[in-house]
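S.K.: Contents of run_35.cif (mmCIF, C-alpha atoms) are below:
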data_my_file
loop_
_atom_site.label_atom_id
_atom_site.label_comp_id
_atom_site.auth_asym_id
_atom_site.auth_seq_id
_atom_site.Cartn_x
_atom_site.Cartn_y
_atom_site.Cartn_z
CA MET J 1 55.54 -162.16 193.80
CA LEU J 2 58.19 -163.32 196.27
CA ARG J 3 59.48 -159.75 196.55
CA GLY J 4 55.97 -158.54 197.26
CA LEU J 5 55.50 -161.11 200.03
CA ALA J 6 58.94 -160.26 201.43
CA LEU J 7 57.84 -156.62 201.66
CA LEU J 8 54.86 -157.72 203.75
CA GLY J 9 57.13 -159.61 206.13
CA ILE J 10 59.51 -156.65 206.31
CA ALA J 11 56.62 -154.35 207.20
CA LEU J 12 55.52 -156.75 209.95
CA ALA J 13 59.10 -156.84 211.28
CA ASN J 14 59.76 -153.09 211.07
CA PHE J 15 56.52 -151.48 212.18
CA PRO J 16 56.99 -152.31 215.88
CA GLU J 17 59.92 -149.87 215.68
CA PHE J 18 58.08 -147.34 213.53
CA SER J 19 55.25 -147.38 216.09
CA LEU J 20 57.84 -146.96 218.90
CA TYR J 21 56.42 -150.07 220.60
CA SER J 22 59.86 -151.70 220.56
CA PHE J 23 61.32 -148.76 222.49
CA LEU J 24 58.74 -148.75 225.29
CA PRO J 25 59.86 -149.70 228.81
CA ALA J 26 58.47 -152.97 230.18
CA GLU J 27 56.06 -151.23 232.57
CA ALA J 28 54.50 -149.23 229.71
CA VAL J 29 54.07 -152.40 227.62
CA ASP J 30 52.50 -154.26 230.56
CA ALA J 31 50.09 -151.38 231.22
CA MET J 32 48.55 -151.53 227.74
CA PRO J 33 45.05 -153.04 227.50
CA THR J 34 46.31 -155.45 224.85
CA ALA J 35 49.34 -156.58 226.91
CA GLY J 36 48.28 -160.24 227.12
CA ILE J 37 47.64 -160.74 223.42
CA ASP J 38 50.62 -158.53 222.56
CA ARG J 39 52.94 -161.01 224.27
CA VAL J 40 51.48 -163.85 222.21
CA VAL J 41 51.86 -161.78 219.01
CA HIS J 42 55.45 -160.95 219.97
CA TYR J 43 56.24 -164.62 220.43
CA LEU J 44 54.62 -165.47 217.07
CA GLN J 45 56.69 -162.75 215.41
CA TYR J 46 59.90 -164.33 216.63
CA ILE J 47 58.71 -167.73 215.36
CA PHE J 48 57.39 -166.80 211.93
CA ILE J 49 58.72 -163.32 211.03
CA ASP J 50 62.01 -162.40 212.67
CA GLY J 51 64.89 -162.84 210.21
CA LYS J 52 62.87 -164.92 207.75
CA PHE J 53 61.83 -162.18 205.37
CA TYR J 54 65.10 -160.30 205.18
CA THR J 55 66.46 -163.79 204.35
CA ILE J 56 64.06 -163.95 201.38
CA PHE J 57 64.78 -160.34 200.38
CA SER J 58 68.54 -160.98 200.48
CA LEU J 59 68.22 -164.17 198.40
CA LEU J 60 66.23 -162.25 195.80
CA PHE J 61 68.80 -159.45 195.73
CA GLY J 62 71.53 -162.02 195.14
CA THR J 63 69.50 -163.57 192.32
CA GLY J 64 68.95 -160.15 190.78
CA PHE J 65 72.65 -159.36 191.03
CA SER J 66 73.47 -162.57 189.16
CA ILE J 67 71.37 -161.40 186.22
CA ILE J 68 72.94 -157.93 186.25
CA ILE J 69 76.47 -159.35 186.50
CA ALA J 70 75.76 -161.86 183.70
CA ASN J 71 74.70 -158.98 181.48
CA ALA J 72 77.74 -156.96 182.58
CA MET J 73 80.11 -159.79 181.64
CA LYS J 74 78.66 -159.81 178.14
CA ARG J 75 79.51 -156.11 177.83
CA ASP J 76 83.00 -156.49 179.34
CA ALA J 77 84.30 -153.43 181.22
CA ASN J 78 81.42 -151.17 180.23
CA GLY J 79 78.93 -153.56 181.78
CA PHE J 80 80.71 -153.54 185.13
CA ARG J 81 80.84 -149.73 185.14
CA ILE J 82 77.06 -149.81 184.83
CA PHE J 83 76.83 -152.39 187.62
CA TYR J 84 78.93 -150.32 190.04
CA ARG J 85 77.07 -147.16 189.11
CA ARG J 86 73.84 -148.97 189.92
CA MET J 87 75.24 -150.00 193.31
CA PHE J 88 76.47 -146.47 193.99
CA VAL J 89 73.01 -145.03 193.33
CA LEU J 90 71.49 -147.64 195.65
CA LEU J 91 74.08 -146.68 198.27
CA LEU J 92 73.06 -143.03 197.94
CA VAL J 93 69.36 -143.89 198.24
CA GLY J 94 70.12 -145.97 201.33
CA PHE J 95 72.16 -143.16 202.92
CA LEU J 96 69.36 -140.63 202.37
CA HIS J 97 66.84 -143.12 203.74
CA LEU J 98 68.98 -143.82 206.81
CA MET J 99 69.71 -140.19 207.66
CA PHE J 100 66.43 -138.48 206.80
CA LEU J 101 63.61 -141.05 207.06
CA TRP J 102 64.35 -144.12 209.17
CA SER J 103 67.29 -145.56 211.06
CA GLY J 104 66.49 -149.15 210.11
CA ASP J 105 67.75 -148.91 206.53
CA ILE J 106 69.19 -152.05 204.89
CA LEU J 107 69.89 -150.64 201.41
CA MET J 108 73.31 -149.20 202.23
CA LEU J 109 74.49 -152.60 203.42
CA TYR J 110 73.01 -154.27 200.34
CA ALA J 111 74.77 -151.82 198.03
CA LEU J 112 78.17 -152.14 199.75
CA LEU J 113 78.04 -155.94 199.85
CA GLY J 114 76.63 -156.06 196.32
CA MET J 115 79.83 -154.39 195.13
CA LEU J 116 81.74 -157.50 196.31
CA LEU J 117 79.69 -159.98 194.29
CA PRO J 118 81.65 -159.59 191.02
CA LEU J 119 84.63 -161.06 192.91
CA PHE J 120 82.74 -164.37 192.89
CA ARG J 121 81.70 -164.35 189.24
CA GLY J 122 84.35 -166.93 188.32
CA ALA J 123 83.78 -169.19 191.33
CA SER J 124 82.37 -172.67 190.81
CA ASN J 125 78.98 -173.63 192.21
CA ARG J 126 80.67 -175.67 194.93
CA VAL J 127 82.84 -172.72 195.98
CA LEU J 128 79.80 -170.43 196.06
CA LEU J 129 77.89 -172.80 198.32
CA ARG J 130 80.92 -173.36 200.55
CA TRP J 131 81.46 -169.63 201.03
CA ALA J 132 77.74 -169.06 201.61
CA PHE J 133 77.75 -171.65 204.42
CA ILE J 134 80.95 -170.24 205.95
CA LEU J 135 79.62 -166.69 205.94
CA LEU J 136 76.30 -167.72 207.49
CA ALA J 137 78.13 -169.71 210.18
CA ILE J 138 80.77 -167.09 211.08
CA PRO J 139 78.34 -165.10 213.32
CA VAL J 140 77.93 -168.15 215.55
CA ALA J 141 81.68 -168.37 216.18
CA LEU J 142 81.97 -164.61 216.69
CA ASP J 143 79.15 -164.54 219.25
CA PHE J 144 80.84 -167.29 221.26
CA ILE J 145 84.10 -165.30 221.14
CA VAL J 146 82.32 -162.14 222.33
CA GLU J 147 80.58 -164.07 225.09
CA LEU J 148 83.82 -165.64 226.34
CA SER J 149 86.03 -162.57 225.98
CA GLY J 150 83.58 -159.89 227.07
CA ILE J 151 84.96 -157.65 224.32
CA TYR J 152 82.23 -155.96 222.29
CA PRO J 153 83.34 -154.71 218.83
CA SER J 154 80.59 -152.07 218.77
CA ALA J 155 81.71 -150.34 221.99
CA SER J 156 83.13 -147.27 220.23
CA VAL J 157 79.95 -146.87 218.17
CA VAL J 158 77.84 -147.05 221.34
CA GLU J 159 79.99 -144.32 222.92
CA LEU J 160 79.46 -142.06 219.89
CA GLN J 161 75.72 -142.75 219.96
CA GLN J 162 75.60 -141.83 223.65
CA PHE J 163 77.49 -138.63 222.88
CA TYR J 164 74.78 -137.54 220.43
CA CYS J 165 72.03 -138.56 222.83
CA ALA J 166 73.60 -136.37 225.51
CA LYS J 167 74.06 -133.53 223.01
CA TYR J 168 70.38 -133.48 222.06
CA GLY J 169 68.94 -134.40 225.47
CA ILE J 170 67.76 -137.88 224.50
CA THR J 171 67.57 -139.95 227.68
CA ASP J 172 66.35 -143.39 228.76
CA GLU J 173 63.18 -141.73 230.05
CA ASN J 174 62.23 -139.91 226.82
CA PHE J 175 63.82 -142.26 224.26
CA ALA J 176 60.60 -144.15 223.47
CA TYR J 177 58.58 -140.94 223.17
CA TRP J 178 61.02 -138.60 221.46
CA LEU J 179 59.77 -139.13 217.90
CA ARG J 180 56.14 -138.92 219.00
CA ASP J 181 56.72 -135.69 220.94
CA ALA J 182 58.91 -134.00 218.30
CA GLU J 183 56.66 -131.37 216.72
CA HIS J 184 59.05 -130.39 213.94
CA TYR J 185 61.41 -132.26 211.65
CA GLY J 186 64.48 -130.84 213.40
CA GLY J 187 63.67 -132.91 216.49
CA THR J 188 63.07 -135.98 214.35
CA PHE J 189 66.40 -135.49 212.60
CA GLU J 190 68.25 -135.30 215.94
CA PHE J 191 66.87 -138.73 216.82
CA LEU J 192 67.78 -140.09 213.38
CA ILE J 193 71.43 -139.07 213.84
CA GLN J 194 71.87 -141.23 216.92
CA GLY J 195 69.60 -143.83 215.31
CA ALA J 196 72.01 -144.22 212.41
CA LEU J 197 74.71 -145.12 214.93
CA VAL J 198 72.36 -147.58 216.61
CA ARG J 199 71.92 -149.20 213.19
CA VAL J 200 75.68 -149.53 212.80
CA GLN J 201 75.81 -151.09 216.26
CA GLU J 202 73.07 -153.56 215.25
CA PHE J 203 75.01 -154.57 212.15
CA ILE J 204 78.17 -155.12 214.19
CA ASP J 205 76.55 -156.91 217.14
CA GLY J 206 74.33 -158.99 214.87
CA ASN J 207 77.14 -159.76 212.39
CA ARG J 208 74.60 -158.83 209.75
CA TYR J 209 77.14 -158.24 206.98
CA PHE J 210 78.26 -161.88 207.11
CA LYS J 211 74.68 -163.13 207.06
CA VAL J 212 73.59 -160.90 204.18
CA MET J 213 76.70 -161.73 202.12
CA GLY J 214 76.11 -165.45 202.65
CA LEU J 215 72.51 -165.07 201.49
CA PHE J 216 73.65 -162.98 198.52
CA LEU J 217 75.93 -165.83 197.44
CA LEU J 218 73.09 -168.34 197.75
CA GLY J 219 70.89 -166.05 195.66
CA PHE J 220 73.76 -165.61 193.21
CA TYR J 221 74.02 -169.41 192.94
CA ILE J 222 70.24 -169.68 192.33
CA GLY J 223 70.33 -166.96 189.68
CA ARG J 224 73.43 -168.18 187.89
CA ASN J 225 71.91 -171.65 187.52
CA ARG J 226 68.59 -170.12 186.43
CA PHE J 227 66.52 -172.15 188.89
CA TYR J 228 63.75 -169.59 188.56
CA ALA J 229 63.47 -170.20 184.80
CA ASP J 230 62.47 -173.86 185.10
CA LEU J 231 60.62 -174.32 188.38
CA ASN J 232 58.51 -177.23 187.13
CA ASN J 233 61.58 -179.41 186.72
CA ARG J 234 62.83 -178.25 190.12
CA LYS J 235 59.77 -179.54 191.97
CA PRO J 236 61.58 -182.45 193.69
CA GLN J 237 64.24 -180.07 195.01
CA LEU J 238 61.64 -177.54 196.11
CA LYS J 239 59.70 -180.25 197.95
CA HIS J 240 62.84 -181.39 199.79
CA ILE J 241 63.74 -177.82 200.77
CA ALA J 242 60.21 -177.11 201.98
CA LEU J 243 59.88 -180.40 203.88
CA TYR J 244 63.22 -180.34 205.66
CA GLY J 245 63.10 -176.58 206.13
CA PHE J 246 59.82 -176.81 208.02
CA ILE J 247 60.79 -180.00 209.92
CA VAL J 248 64.02 -178.41 211.15
CA GLY J 249 63.18 -174.70 211.17
CA LEU J 250 59.76 -174.62 212.76
CA PRO J 251 60.37 -176.48 216.05
CA LEU J 252 63.76 -174.81 216.46
CA SER J 253 62.11 -171.44 215.84
CA LEU J 254 60.00 -172.15 218.92
CA LEU J 255 63.21 -172.48 220.95
CA TYR J 256 64.72 -169.41 219.29
CA ALA J 257 61.59 -167.39 220.10
CA TRP J 258 61.62 -168.56 223.72
CA SER J 259 65.29 -167.59 224.02
CA ALA J 260 64.65 -164.14 222.48
CA MET J 261 61.61 -163.47 224.67
CA ASN J 262 63.46 -164.42 227.84
CA GLY J 263 66.68 -162.47 227.38
CA ARG J 264 68.81 -165.28 225.87
CA PRO J 265 69.11 -167.33 229.10
CA TRP J 266 71.43 -169.90 227.48
CA GLY J 267 73.90 -167.23 226.46
CA LEU J 268 74.74 -165.22 223.34
CA GLY J 269 76.54 -168.06 221.53
CA THR J 270 73.74 -170.58 222.01
CA HIS J 271 71.21 -167.99 220.87
CA ALA J 272 73.29 -167.50 217.70
CA VAL J 273 73.23 -171.26 217.10
CA LEU J 274 69.43 -171.27 217.46
CA TYR J 275 69.20 -168.39 214.99
CA PHE J 276 71.41 -170.20 212.47
CA ILE J 277 69.52 -173.52 212.60
CA SER J 278 66.01 -172.04 212.73
CA VAL J 279 65.79 -168.73 210.85
CA PHE J 280 67.57 -169.74 207.65
CA PRO J 281 65.92 -173.18 207.18
CA LEU J 282 62.47 -171.70 207.76
CA GLY J 283 63.15 -168.79 205.41
CA PHE J 284 64.27 -171.20 202.69
CA ALA J 285 61.18 -173.34 203.35
CA TYR J 286 58.95 -170.29 202.85
CA VAL J 287 60.49 -169.66 199.41
CA ALA J 288 60.17 -173.29 198.32
CA ALA J 289 56.61 -173.67 199.64
CA ILE J 290 55.43 -170.47 197.95
CA CYS J 291 56.98 -171.59 194.65
CA LEU J 292 55.28 -175.00 194.93
CA CYS J 293 51.97 -173.36 195.74
CA TYR J 294 52.33 -171.08 192.73
CA LEU J 295 53.12 -174.02 190.44
CA SER J 296 50.01 -175.85 191.64
CA HIS J 297 47.66 -172.85 191.58
CA PRO J 298 49.04 -170.19 189.21
CA GLN J 299 45.52 -168.83 188.66
CA TRP J 300 45.12 -167.63 192.23
CA LYS J 301 44.60 -163.87 192.23
CA VAL J 302 46.54 -163.48 195.46
CA PHE J 303 49.76 -164.16 193.54
CA ARG J 304 49.07 -161.35 191.10
CA PHE J 305 48.16 -159.08 194.02
CA CYS J 306 51.47 -159.86 195.77
CA ALA J 307 53.41 -159.27 192.56
CA MET J 308 52.25 -155.65 192.25
CA PRO J 309 54.35 -154.24 195.12
CA GLY J 310 57.12 -156.65 194.14
CA ARG J 311 57.46 -154.92 190.77
CA MET J 312 58.30 -151.63 192.48
CA ALA J 313 59.96 -152.96 195.63
CA LEU J 314 62.38 -150.04 196.12
CA THR J 315 59.58 -147.47 196.01
CA ASP J 316 57.41 -149.50 198.37
CA TYR J 317 60.28 -150.22 200.79
CA ILE J 318 61.00 -146.48 201.13
CA GLY J 319 57.24 -145.85 201.11
CA GLN J 320 56.83 -147.96 204.25
CA SER J 321 59.11 -145.53 206.06
CA VAL J 322 57.03 -142.58 204.86
CA PHE J 323 53.86 -144.29 206.09
CA GLY J 324 55.54 -145.04 209.42
CA MET J 325 56.56 -141.41 209.92
CA LEU J 326 53.14 -140.07 208.98
CA LEU J 327 51.26 -142.46 211.24
CA PHE J 328 53.41 -142.59 214.35
CA TYR J 329 55.73 -139.56 214.59
CA GLY J 330 54.88 -136.15 216.02
CA ILE J 331 55.41 -134.55 212.61
CA GLY J 332 52.54 -136.77 211.42
CA PHE J 333 49.51 -138.08 213.30
CA GLY J 334 51.52 -138.93 216.42
CA PHE J 335 50.04 -142.36 217.18
CA GLY J 336 53.43 -143.72 218.29
CA ALA J 337 54.04 -145.27 221.71
CA GLY J 338 50.31 -145.61 222.30
CA VAL J 339 49.40 -148.61 220.16
CA GLY J 340 49.60 -152.25 221.25
CA LEU J 341 51.54 -154.75 219.17
CA VAL J 342 48.43 -156.52 217.89
CA TYR J 343 47.26 -153.22 216.39
CA VAL J 344 50.73 -152.49 215.02
CA VAL J 345 50.62 -155.79 213.11
CA LEU J 346 47.18 -154.93 211.72
CA ILE J 347 48.36 -151.45 210.69
CA ALA J 348 51.46 -152.88 208.99
CA THR J 349 49.32 -155.33 207.05
CA GLY J 350 46.95 -152.51 206.09
CA VAL J 351 49.83 -150.35 204.86
CA TRP J 352 51.09 -153.23 202.71
CA ILE J 353 47.60 -153.76 201.22
CA VAL J 354 47.32 -150.05 200.43
CA GLN J 355 50.76 -150.15 198.80
CA ALA J 356 49.80 -153.19 196.73
CA LEU J 357 46.67 -151.42 195.49
CA LEU J 358 48.52 -148.19 194.74
CA SER J 359 51.28 -150.16 192.97
CA GLY J 360 48.68 -151.86 190.79
CA ILE J 361 47.12 -148.53 189.84
CA TRP J 362 50.52 -146.92 189.18
CA LEU J 363 51.72 -149.76 186.97
CA ARG J 364 48.64 -149.53 184.78
CA TYR J 365 49.91 -146.19 183.50
CA PHE J 366 53.66 -146.24 184.12
CA GLN J 367 56.46 -148.62 183.14
CA PHE J 368 58.44 -148.33 186.39
CA GLY J 369 57.91 -147.36 189.98
CA PRO J 370 58.99 -143.72 190.57
CA LEU J 371 62.20 -144.59 192.45
CA GLU J 372 62.96 -147.45 190.06
CA TRP J 373 62.68 -144.96 187.19
CA ILE J 374 65.08 -142.52 188.85
CA TRP J 375 67.46 -145.37 189.75
CA ARG J 376 67.47 -146.56 186.14
CA MET J 377 68.14 -143.10 184.71
CA LEU J 378 70.98 -142.34 187.15
CA THR J 379 72.50 -145.76 186.40
CA TYR J 380 72.50 -145.39 182.62
CA GLY J 381 72.82 -141.60 182.46
CA LYS J 382 69.88 -141.07 180.15
CA VAL J 383 66.15 -140.40 180.31
CA PHE J 384 63.76 -143.34 180.05
CA LYS J 385 60.13 -143.08 179.07
CA LEU J 386 57.95 -143.43 182.17
CA VAL J 387 54.38 -143.27 180.88
CA LYS J 388 53.11 -146.30 178.98
CA GLY J 389 51.98 -145.89 175.40
CA ARG J 390 48.44 -146.68 174.33
CA ASN J 391 49.36 -150.14 173.05
CA GLU J 392 51.49 -151.12 176.05
#
As structure tokens - that is how I would like this structure written.

M.R.:
Amino acid sequence: MLRGLALLGIALANFPEFSLYSFLPAEAVDAMPTAGIDRVVHYLQYIFIDGKFYTIFSLLFGTGFSIIIANAMKRDANGFRIFYRRMFVLLLVGFLHLMFLWSGDILMLYALLGMLLPLFRGASNRVLLRWAFILLAIPVALDFIVELSGIYPSASVVELQQFYCAKYGITDENFAYWLRDAEHYGGTFEFLIQGALVRVQEFIDGNRYFKVMGLFLLGFYIGRNRFYADLNNRKPQLKHIALYGFIVGLPLSLLYAWSAMNGRPWGLGTHAVLYFISVFPLGFAYVAAICLCYLSHPQWKVFRFCAMPGRMALTDYIGQSVFGMLLFYGIGFGFGAGVGLVYVVLIATGVWIVQALLSGIWLRYFQFGPLEWIWRMLTYGKVFKLVKGRNE
């Protein structure tokens, strides 16, 4: 259920780029009939969406890894071969997604960092938590260093990206409209090549690898201690996390959103501090509050509805990119760069609802999502039954 809700948040975060709204120049954004409400929606996104749901998704990945690694340790060397094969397949899926569907892929990073998690399998809980905090805090220090030194680690990647833009004729004037105006996949692929380099730049400038690894370790800690298996007895802890997470994270998210909307007027380092003390606490509060709500009202149908896409999260994550291409790119319906942010949010929510319904229908007849099935077979090197039997 948490994975399903995280997919909704990820759709809300990603569809402004799918729709090309994020690429539009300021004058084009201001000229839209929804410009006034779009600014409010943009502000609300920074408060409630930005960073919070990849935080949840990363925690859940870390928890999942802990289960896989625990099983691998029981099988000794053979188990870890299976684990690394699983990560390699995920890395391949992420690479194909990045290069051929959408430049905003996160799976490659997850797979590469996931390969490091077995290094922590013997660490104590205290060491895990210490390293998680250090890794989440490192980006703050690095952003202050960049701000003071003026040296940008991603400079060489930016130069390479500009080379490919010049090669294909992608300019500042047509950047926001390139994918909408591309009438064949070849033009789309040209944009994706430079887009992959933009993604690398984002990871470097945003220090995303440190953040994700820190969240992985927190998720690993949660999974190793099996918090998920006994939530009722964890209620006091969940209440504290939710309470303090909202008390700290929500008001500071208002400051973070203001900083983001106004070009980080207090500087890069201060903006990084605001991110650290707002995004992570609020993301943790979301998880705790949802768990508490589920414990109090397990009969609510909305939880079952959210769980359906969560059971085939890989398929639905890639599926969001397919929906984005079909709706907004020139090789699809070509609605990109012409839709206000308020409509983008509604479309993203609609796509997630459609995916939840389709996931529910699919899982009535099949044991795994289609990509989960392929991932499982490539990991174990054998064919698994996909269709459910009559009694299943």

S.K.: Name all residues at most 7 Å from region 102-112 of chain J (count all atoms listed in the file; drop same-chain ones fewer than 4 positions away) and give them as a list in words.

M.R.: Met87, Phe88, Leu90, Leu91, Gly94, Phe95, His97, Leu98, Leu192, Gly195, Ala196, Arg199 and Ser321 of chain J

S.K.: Name the residues in contact with Met312 (chain J) at a cut-off of 8 Å, using only C-alpha atoms, excluding same-chain residues fewer than 2 positions from it; report them as a PyMOL selection string.

M.R.: chain J and resi 308-310+314-316+359+368-369+372

S.K.: What lies within 8 Å of Gly64 (chain J) using all atoms listed in the file, ignoring chain neighbours under 3 positions off, as number ranges by chain?

M.R.: J: 60-61, 67-68, 219-220, 223

S.K.: Neighbouring residues of region 24-35 of chain J were defined as those with any atom within 7 Å, considering only C-alpha atoms; residues of the same chain fewer than 5 positions away were excluded. Please report them as a list in words.

M.R.: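 In the requested format, the answer is Ala176, Ala337 and Gly340 of chain J.
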
S.K.: Just how far from CA of His271 (chain J) is CA of Leu346 (chain J), in Å to one decimal?

M.R.: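 These two atoms are separated by 28.8 Å.
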
S.K.: If we count only C-alpha atoms and set the cut-off at 12 Å, which residues sit around Ser19 (chain J), ignoring sequence neighbours fewer than 3 positions away in its own chain? Please answer as a tab-separated table (two decimals) with C-alpha atoms, in the frame of the given file.

M.R.:
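And here is the file that came out, selection39.tsv:
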chain	number	residue	atom	x	y	z
J	11	ALA	CA	56.62	-154.35	207.20
J	12	LEU	CA	55.52	-156.75	209.95
J	13	ALA	CA	59.10	-156.84	211.28
J	14	ASN	CA	59.76	-153.09	211.07
J	15	PHE	CA	56.52	-151.48	212.18
J	16	PRO	CA	56.99	-152.31	215.88
J	22	SER	CA	59.86	-151.70	220.56
J	23	PHE	CA	61.32	-148.76	222.49
J	24	LEU	CA	58.74	-148.75	225.29
J	102	TRP	CA	64.35	-144.12	209.17
J	176	ALA	CA	60.60	-144.15	223.47
J	177	TYR	CA	58.58	-140.94	223.17
J	178	TRP	CA	61.02	-138.60	221.46
J	179	LEU	CA	59.77	-139.13	217.90
J	180	ARG	CA	56.14	-138.92	219.00
J	320	GLN	CA	56.83	-147.96	204.25
J	321	SER	CA	59.11	-145.53	206.06
J	323	PHE	CA	53.86	-144.29	206.09
J	324	GLY	CA	55.54	-145.04	209.42
J	325	MET	CA	56.56	-141.41	209.92
J	326	LEU	CA	53.14	-140.07	208.98
J	327	LEU	CA	51.26	-142.46	211.24
J	328	PHE	CA	53.41	-142.59	214.35
J	329	TYR	CA	55.73	-139.56	214.59
J	330	GLY	CA	54.88	-136.15	216.02
J	332	GLY	CA	52.54	-136.77	211.42
J	333	PHE	CA	49.51	-138.08	213.30
J	334	GLY	CA	51.52	-138.93	216.42
J	335	PHE	CA	50.04	-142.36	217.18
J	336	GLY	CA	53.43	-143.72	218.29
J	337	ALA	CA	54.04	-145.27	221.71
J	338	GLY	CA	50.31	-145.61	222.30
J	339	VAL	CA	49.40	-148.61	220.16
J	340	GLY	CA	49.60	-152.25	221.25
J	341	LEU	CA	51.54	-154.75	219.17
J	342	VAL	CA	48.43	-156.52	217.89
J	343	TYR	CA	47.26	-153.22	216.39
J	344	VAL	CA	50.73	-152.49	215.02
J	345	VAL	CA	50.62	-155.79	213.11
J	346	LEU	CA	47.18	-154.93	211.72
J	347	ILE	CA	48.36	-151.45	210.69
J	348	ALA	CA	51.46	-152.88	208.99

S.K.: For this file, the PyMOL selection byres ((chain J and resi 294) around 12) selects which residues, as a ChimeraX atom specification?

M.R.: /J:1-2,231-232,235,238,287-293,295-304,306-307

S.K.: Which one of J:Leu386, J:Ile69, J:Leu371, J:Ile247 sits closest to Leu116 (chain J) if you count only C-alpha atoms?

M.R.: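 Residue with the minimum atom-to-atom distance to Leu116 (chain J): J:Ile69.
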
S.K.: Rank nothing, just name the residue among J:Val383, J:Val40, J:Val279, J:Ile374 nearest to Val89 (chain J), using all atoms listed in the file.

M.R.: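 That would be J:Ile374, the residue with the smallest distance to Val89 (chain J).
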
S.K.: When the PyMOL selection byres ((chain J and resi 132) around 7) is applied to the file above, which residues end up in the set, as a VMD selection string?

M.R.: chain J and resid 128 to 131 133 to 136 214 to 215 217 to 218

S.K.: Keeping only C-alpha atoms, take the residues you just selected and write them out as a compact mmCIF listing (two decimals), in the coordinates of the input.

M.R.:
# COMPACT_ATOMS: atom_id res chain seq x y z
CA LEU J 128 79.80 -170.43 196.06
CA LEU J 129 77.89 -172.80 198.32
CA ARG J 130 80.92 -173.36 200.55
CA TRP J 131 81.46 -169.63 201.03
CA PHE J 133 77.75 -171.65 204.42
CA ILE J 134 80.95 -170.24 205.95
CA LEU J 135 79.62 -166.69 205.94
CA LEU J 136 76.30 -167.72 207.49
CA GLY J 214 76.11 -165.45 202.65
CA LEU J 215 72.51 -165.07 201.49
CA LEU J 217 75.93 -165.83 197.44
CA LEU J 218 73.09 -168.34 197.75

S.K.: Considering only C-alpha atoms, state which residue in the set J:Tyr209, J:Phe276, J:Trp352, J:Phe175 is at the smallest distance from Gln194 (chain J).

M.R.: J:Phe175
